[in-house]
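> Let me give you the structure first, and then I'll get to my questions.
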Amino acid sequence: MSPLNPPRARRVAVVGGTRIPFARSDGPYATASNQEMLTAALDGLVERHGLQEPGAVGEFVAGAVLKHSRDFNLARETVLGSALDPRTPAYDVQQACGTGLQAVIAAANKIALGQTESAVAGGADTASDAPLGLNDRLRRILLEARRAKSSTGRAKALAKIRPGQLVPDIPRNAEPRTGLSMGEHAAVTARAWDITREAQDELAATSHQRLAAAYERGFFEDLVVPFRGLSRDQNLRPGSTAEKLAALKPVFGLDGAGPTMTAGNSTPLTDGAATVLLASEEWAEARGLEPLAYLTAYATAAVDFVGGDVAGGEDGLLMAPAYAVPRMLERAGLGIEDFDLVEIHEAFASQVLATLAAWEKRGLAPVDRARLNVAGSSLATGHPFAATGARVVATLAALLAEREGPGRGLISVCAAGGQGVTAVLERT
């Protein structure tokens, strides 16, 4: 094909999605691996959409943020342990909290270019089964012993081991460049944007109330499959109110005046997995499957959260969507007022509120709160890092599908490392 005549991009349909209920770390899924959880979510998708036969799916794309060395080929090993055809190719992606959405984008690009007709994307993470690393000095000694040419040399190397080196390196939710946790970074941004405690608690309570209402009306019946005794997200607190959350003590930003961030208006460490089925229109039609929505635009961005305007709030760790969304909407010729639904990943209530304020500062219209996270989001469901993007895509697509007539939804996901992944779903 001539490079002057590139293939015309096809529409990419979101056909369905399946996830397991999300659980708080060290709870019901404490002994479940990333692979086990991701396999359960994938098997639920295979069963619900009849994907068991050979060649049903062109590719499987998934990832995890907290990975053991055994998870180096997580997506492929998940396929081999699932009901999906074992001949299905698979590969891993990883972009911190944006992993699930980035996996969806990677799969969608191949469908759009005609390189495959269908794909499954997703992610899994377990904070319970986090990998423990060897003390780096101990690791170097063991490598030295392995390289030794004689027993005497190995013994000499091993004799350098000291008791303190036997303590493992425990994973920390901290940025390598700053040493600050994500919560501490978010507290800096909350102060910069003057985000109040009352506004955060109200947003968190609303997330729980809306998730509970969505479960009660049966919205998640086609999206969630039971796993290890759970049929609903364990973090869900249906009776949450801003008044109850106001009684909690702050846990982040304690080094500054008037800390506002608590365990109630921040996401907890979570275990879980989610998947999304994507396809060309032709593939879906041939199988009698009606698309829920179409993925029509996406964009990523990153901020300099180390040397940029961090104290001023512009380049806070979780503020990349403040740049990605305006850029994406300008390319698409859209404004916030053109969206019926808006899904912002709730890493922290303060981060959602800062993002909304930043969009307005950059000229976007205010987001109607009645359209924001209408079925709840991460503050209520929890946040298994790599699974969240797939959860949001499947949820938004299903929300658009149950509306009468056309609709459009916006997705915004912030991620560690100062990154953001955003997308647009439409139903025509």
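Following the order of the structure tokens, chains are lettered A, B, ..., residues in each are numbered from 1, and ligands are numbered from 1.
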Quick one: everything within 6 Å of segment 248-255 of chain A, counting only C-alpha atoms, minus sequence neighbours fewer than 5 positions away in the same chain. Send it as a PyMOL selection string.
chain A and resi 183-184+187+260-262
> Please build the interface table for segment 108-212 of chain A against segment 39-55 of chain A with a cut-off of 12 Å, listing for each qualifying residue the nearest atom pair and the distance in Å to one decimal; count only C-alpha atoms, order rows by chain and increasing number, and write it as a tab-separated table.

```
residue	atom	partner	partner_atom	distance
A:Thr116	CA	A:Gly55	CA	10.9
A:Glu117	CA	A:Gly55	CA	10.4
A:Ser118	CA	A:Gly55	CA	9.7
A:Ala119	CA	A:Gly55	CA	10.7
A:Val120	CA	A:Leu42	CA	8.4
A:Ala121	CA	A:Leu42	CA	9.3
A:Gly122	CA	A:Leu42	CA	8.6
A:Gly123	CA	A:Ala41	CA	9.4
A:Ala124	CA	A:Ala41	CA	9.2
```
> For the residues in that selection, give me all heavy atoms as a PDB file, in the first residue's frame.

```pdb
ATOM      1  N   THR A 116      -6.780  -6.332  13.303  1.00  0.00           N
ATOM      2  CA  THR A 116      -7.534  -7.392  13.960  1.00  0.00           C
ATOM      3  C   THR A 116      -8.992  -6.972  14.014  1.00  0.00           C
ATOM      4  O   THR A 116      -9.298  -5.778  13.905  1.00  0.00           O
ATOM      5  CB  THR A 116      -6.994  -7.688  15.377  1.00  0.00           C
ATOM      6  OG1 THR A 116      -7.630  -8.858  15.895  1.00  0.00           O
ATOM      7  CG2 THR A 116      -7.263  -6.521  16.322  1.00  0.00           C
ATOM      8  N   GLU A 117      -9.880  -7.934  14.163  1.00  0.00           N
ATOM      9  CA  GLU A 117     -11.311  -7.628  14.190  1.00  0.00           C
ATOM     10  C   GLU A 117     -11.858  -7.484  15.600  1.00  0.00           C
ATOM     11  O   GLU A 117     -12.894  -6.844  15.807  1.00  0.00           O
ATOM     12  CB  GLU A 117     -12.090  -8.732  13.459  1.00  0.00           C
ATOM     13  CG  GLU A 117     -11.794  -8.811  11.974  1.00  0.00           C
ATOM     14  CD  GLU A 117     -12.156  -7.519  11.242  1.00  0.00           C
ATOM     15  OE1 GLU A 117     -13.232  -6.949  11.533  1.00  0.00           O
ATOM     16  OE2 GLU A 117     -11.357  -7.073  10.400  1.00  0.00           O
ATOM     17  N   SER A 118     -11.177  -8.083  16.559  1.00  0.00           N
ATOM     18  CA  SER A 118     -11.666  -8.022  17.936  1.00  0.00           C
ATOM     19  C   SER A 118     -10.496  -8.163  18.897  1.00  0.00           C
ATOM     20  O   SER A 118      -9.444  -8.706  18.554  1.00  0.00           O
ATOM     21  CB  SER A 118     -12.682  -9.140  18.204  1.00  0.00           C
ATOM     22  OG  SER A 118     -12.060 -10.418  18.054  1.00  0.00           O
ATOM     23  N   ALA A 119     -10.684  -7.673  20.112  1.00  0.00           N
ATOM     24  CA  ALA A 119      -9.645  -7.776  21.129  1.00  0.00           C
ATOM     25  C   ALA A 119     -10.274  -7.593  22.500  1.00  0.00           C
ATOM     26  O   ALA A 119     -11.336  -6.981  22.642  1.00  0.00           O
ATOM     27  CB  ALA A 119      -8.556  -6.732  20.907  1.00  0.00           C
ATOM     28  N   VAL A 120      -9.613  -8.121  23.504  1.00  0.00           N
ATOM     29  CA  VAL A 120      -9.997  -7.901  24.891  1.00  0.00           C
ATOM     30  C   VAL A 120      -8.870  -7.148  25.563  1.00  0.00           C
ATOM     31  O   VAL A 120      -7.696  -7.474  25.389  1.00  0.00           O
ATOM     32  CB  VAL A 120     -10.279  -9.222  25.632  1.00  0.00           C
ATOM     33  CG1 VAL A 120     -10.536  -8.963  27.122  1.00  0.00           C
ATOM     34  CG2 VAL A 120     -11.459  -9.954  25.012  1.00  0.00           C
ATOM     35  N   ALA A 121      -9.223  -6.115  26.327  1.00  0.00           N
ATOM     36  CA  ALA A 121      -8.234  -5.327  27.054  1.00  0.00           C
ATOM     37  C   ALA A 121      -8.616  -5.297  28.528  1.00  0.00           C
ATOM     38  O   ALA A 121      -9.794  -5.432  28.881  1.00  0.00           O
ATOM     39  CB  ALA A 121      -8.169  -3.905  26.496  1.00  0.00           C
ATOM     40  N   GLY A 122      -7.627  -5.116  29.389  1.00  0.00           N
ATOM     41  CA  GLY A 122      -7.953  -5.059  30.804  1.00  0.00           C
ATOM     42  C   GLY A 122      -6.743  -4.886  31.685  1.00  0.00           C
ATOM     43  O   GLY A 122      -5.663  -4.488  31.236  1.00  0.00           O
ATOM     44  N   GLY A 123      -6.937  -5.200  32.954  1.00  0.00           N
ATOM     45  CA  GLY A 123      -5.853  -5.073  33.907  1.00  0.00           C
ATOM     46  C   GLY A 123      -6.249  -5.655  35.247  1.00  0.00           C
ATOM     47  O   GLY A 123      -7.429  -5.888  35.530  1.00  0.00           O
ATOM     48  N   ALA A 124      -5.248  -5.904  36.071  1.00  0.00           N
ATOM     49  CA  ALA A 124      -5.465  -6.440  37.412  1.00  0.00           C
ATOM     50  C   ALA A 124      -4.389  -5.903  38.337  1.00  0.00           C
ATOM     51  O   ALA A 124      -3.286  -5.575  37.899  1.00  0.00           O
ATOM     52  CB  ALA A 124      -5.415  -7.968  37.401  1.00  0.00           C
TER      53      ALA A 124
END
```
> Please provide the set of residues having any atom within 6 Å of segment 284-301 of chain A, restricted to only C-alpha atoms, with same-chain residues fewer than 6 positions apart removed, written as a PyMOL selection string.
chain A and resi 12-15+320+324+328+397-398+401+419-427
> With N, CA and C atoms retained, export the selected residues as a PDB file, in the first residue's frame.

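Output file out_14.pdb follows:
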```
ATOM      1  N   VAL A  12     -14.339   1.799  16.328  1.00  0.00           N
ATOM      2  CA  VAL A  12     -14.065   0.724  17.282  1.00  0.00           C
ATOM      3  C   VAL A  12     -15.200   0.668  18.294  1.00  0.00           C
ATOM      4  N   ALA A  13     -15.854  -0.483  18.367  1.00  0.00           N
ATOM      5  CA  ALA A  13     -16.999  -0.657  19.250  1.00  0.00           C
ATOM      6  C   ALA A  13     -16.580  -1.224  20.596  1.00  0.00           C
ATOM      7  N   VAL A  14     -17.174  -0.697  21.650  1.00  0.00           N
ATOM      8  CA  VAL A  14     -17.089  -1.319  22.974  1.00  0.00           C
ATOM      9  C   VAL A  14     -18.305  -2.229  23.079  1.00  0.00           C
ATOM     10  N   VAL A  15     -18.061  -3.530  23.061  1.00  0.00           N
ATOM     11  CA  VAL A  15     -19.150  -4.505  23.009  1.00  0.00           C
ATOM     12  C   VAL A  15     -19.609  -4.915  24.401  1.00  0.00           C
ATOM     13  N   ALA A 320      -2.130  15.805  35.092  1.00  0.00           N
ATOM     14  CA  ALA A 320      -1.940  15.678  33.642  1.00  0.00           C
ATOM     15  C   ALA A 320      -3.249  15.713  32.850  1.00  0.00           C
ATOM     16  N   ALA A 324      -4.416  17.033  29.096  1.00  0.00           N
ATOM     17  CA  ALA A 324      -4.808  16.065  28.069  1.00  0.00           C
ATOM     18  C   ALA A 324      -6.222  16.305  27.560  1.00  0.00           C
ATOM     19  N   MET A 328      -7.379  17.111  23.752  1.00  0.00           N
ATOM     20  CA  MET A 328      -8.171  16.125  23.036  1.00  0.00           C
ATOM     21  C   MET A 328      -9.462  16.745  22.500  1.00  0.00           C
ATOM     22  N   ALA A 397     -19.613   2.886  28.902  1.00  0.00           N
ATOM     23  CA  ALA A 397     -20.270   2.347  27.712  1.00  0.00           C
ATOM     24  C   ALA A 397     -21.662   1.821  28.051  1.00  0.00           C
ATOM     25  N   ALA A 398     -21.788   1.131  29.181  1.00  0.00           N
ATOM     26  CA  ALA A 398     -23.092   0.601  29.589  1.00  0.00           C
ATOM     27  C   ALA A 398     -24.054   1.731  29.957  1.00  0.00           C
ATOM     28  N   ALA A 401     -25.347   3.168  26.786  1.00  0.00           N
ATOM     29  CA  ALA A 401     -26.248   2.241  26.094  1.00  0.00           C
ATOM     30  C   ALA A 401     -27.648   2.241  26.686  1.00  0.00           C
ATOM     31  N   GLN A 419       1.263  11.448  34.959  1.00  0.00           N
ATOM     32  CA  GLN A 419       0.696  11.167  33.647  1.00  0.00           C
ATOM     33  C   GLN A 419      -0.833  11.141  33.685  1.00  0.00           C
ATOM     34  N   GLY A 420      -1.425  11.229  32.505  1.00  0.00           N
ATOM     35  CA  GLY A 420      -2.871  11.168  32.399  1.00  0.00           C
ATOM     36  C   GLY A 420      -3.281  10.516  31.093  1.00  0.00           C
ATOM     37  N   VAL A 421      -4.348   9.722  31.135  1.00  0.00           N
ATOM     38  CA  VAL A 421      -4.886   9.053  29.948  1.00  0.00           C
ATOM     39  C   VAL A 421      -6.367   9.402  29.861  1.00  0.00           C
ATOM     40  N   THR A 422      -6.807   9.875  28.701  1.00  0.00           N
ATOM     41  CA  THR A 422      -8.184  10.335  28.545  1.00  0.00           C
ATOM     42  C   THR A 422      -8.783   9.773  27.260  1.00  0.00           C
ATOM     43  N   ALA A 423     -10.107   9.733  27.192  1.00  0.00           N
ATOM     44  CA  ALA A 423     -10.762   9.166  26.014  1.00  0.00           C
ATOM     45  C   ALA A 423     -12.194   9.666  25.905  1.00  0.00           C
ATOM     46  N   VAL A 424     -12.777   9.443  24.733  1.00  0.00           N
ATOM     47  CA  VAL A 424     -14.166   9.802  24.461  1.00  0.00           C
ATOM     48  C   VAL A 424     -14.901   8.562  23.961  1.00  0.00           C
ATOM     49  N   LEU A 425     -16.064   8.307  24.523  1.00  0.00           N
ATOM     50  CA  LEU A 425     -16.958   7.258  24.034  1.00  0.00           C
ATOM     51  C   LEU A 425     -18.223   7.916  23.488  1.00  0.00           C
ATOM     52  N   GLU A 426     -18.748   7.360  22.403  1.00  0.00           N
ATOM     53  CA  GLU A 426     -19.966   7.905  21.810  1.00  0.00           C
ATOM     54  C   GLU A 426     -20.917   6.773  21.444  1.00  0.00           C
ATOM     55  N   ARG A 427     -22.189   7.084  21.511  1.00  0.00           N
ATOM     56  CA  ARG A 427     -23.226   6.171  21.026  1.00  0.00           C
ATOM     57  C   ARG A 427     -24.096   6.946  20.056  1.00  0.00           C
TER      58      ARG A 427
END
```
> Run DSSP on the backbone of this structure and report the residues of segment 148-296 of chain A it assigns to strand (DSSP E), as a count of residues only.
20
> Show me, as a PDB file with N, CA, C and O atoms, in the first residue's frame, the residues that have an atom within 10 Å of Glu243 of chain A when counting only C-alpha atoms, minus same-chain residues fewer than 5 positions from it.

```pdb
ATOM      1  N   GLU A 198     -15.047  20.104  53.106  1.00  0.00           N
ATOM      2  CA  GLU A 198     -16.477  19.868  52.911  1.00  0.00           C
ATOM      3  C   GLU A 198     -16.777  19.393  51.490  1.00  0.00           C
ATOM      4  O   GLU A 198     -17.566  18.454  51.284  1.00  0.00           O
ATOM      5  N   ASP A 201     -15.574  15.710  51.089  1.00  0.00           N
ATOM      6  CA  ASP A 201     -16.444  14.737  51.753  1.00  0.00           C
ATOM      7  C   ASP A 201     -17.774  14.589  51.019  1.00  0.00           C
ATOM      8  O   ASP A 201     -18.336  13.483  50.927  1.00  0.00           O
ATOM      9  N   GLU A 202     -18.286  15.678  50.475  1.00  0.00           N
ATOM     10  CA  GLU A 202     -19.537  15.616  49.725  1.00  0.00           C
ATOM     11  C   GLU A 202     -19.369  14.769  48.468  1.00  0.00           C
ATOM     12  O   GLU A 202     -20.228  13.947  48.139  1.00  0.00           O
ATOM     13  N   ALA A 205     -19.056  11.024  49.514  1.00  0.00           N
ATOM     14  CA  ALA A 205     -20.348  10.461  49.912  1.00  0.00           C
ATOM     15  C   ALA A 205     -21.232  10.211  48.698  1.00  0.00           C
ATOM     16  O   ALA A 205     -21.901   9.166  48.595  1.00  0.00           O
ATOM     17  N   LEU A 248     -13.897  11.882  60.327  1.00  0.00           N
ATOM     18  CA  LEU A 248     -12.606  11.223  60.147  1.00  0.00           C
ATOM     19  C   LEU A 248     -11.457  12.218  60.249  1.00  0.00           C
ATOM     20  O   LEU A 248     -11.567  13.369  59.840  1.00  0.00           O
TER      21      LEU A 248
END
```
> Smallest atom-to-atom distance to Phe219 of chain A: which of A:Ala394, A:Leu84, A:Ile344, A:Ala130, using only C-alpha atoms?
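Looking only at the distances to Phe219 of chain A, the closest residue turns out to be A:Ala394.
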> What does the structure give for the distance between atom CA of Pro268 of chain A and atom CA of Asn135 of chain A, in Å to one decimal?
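These two atoms are separated by 27.2 Å.
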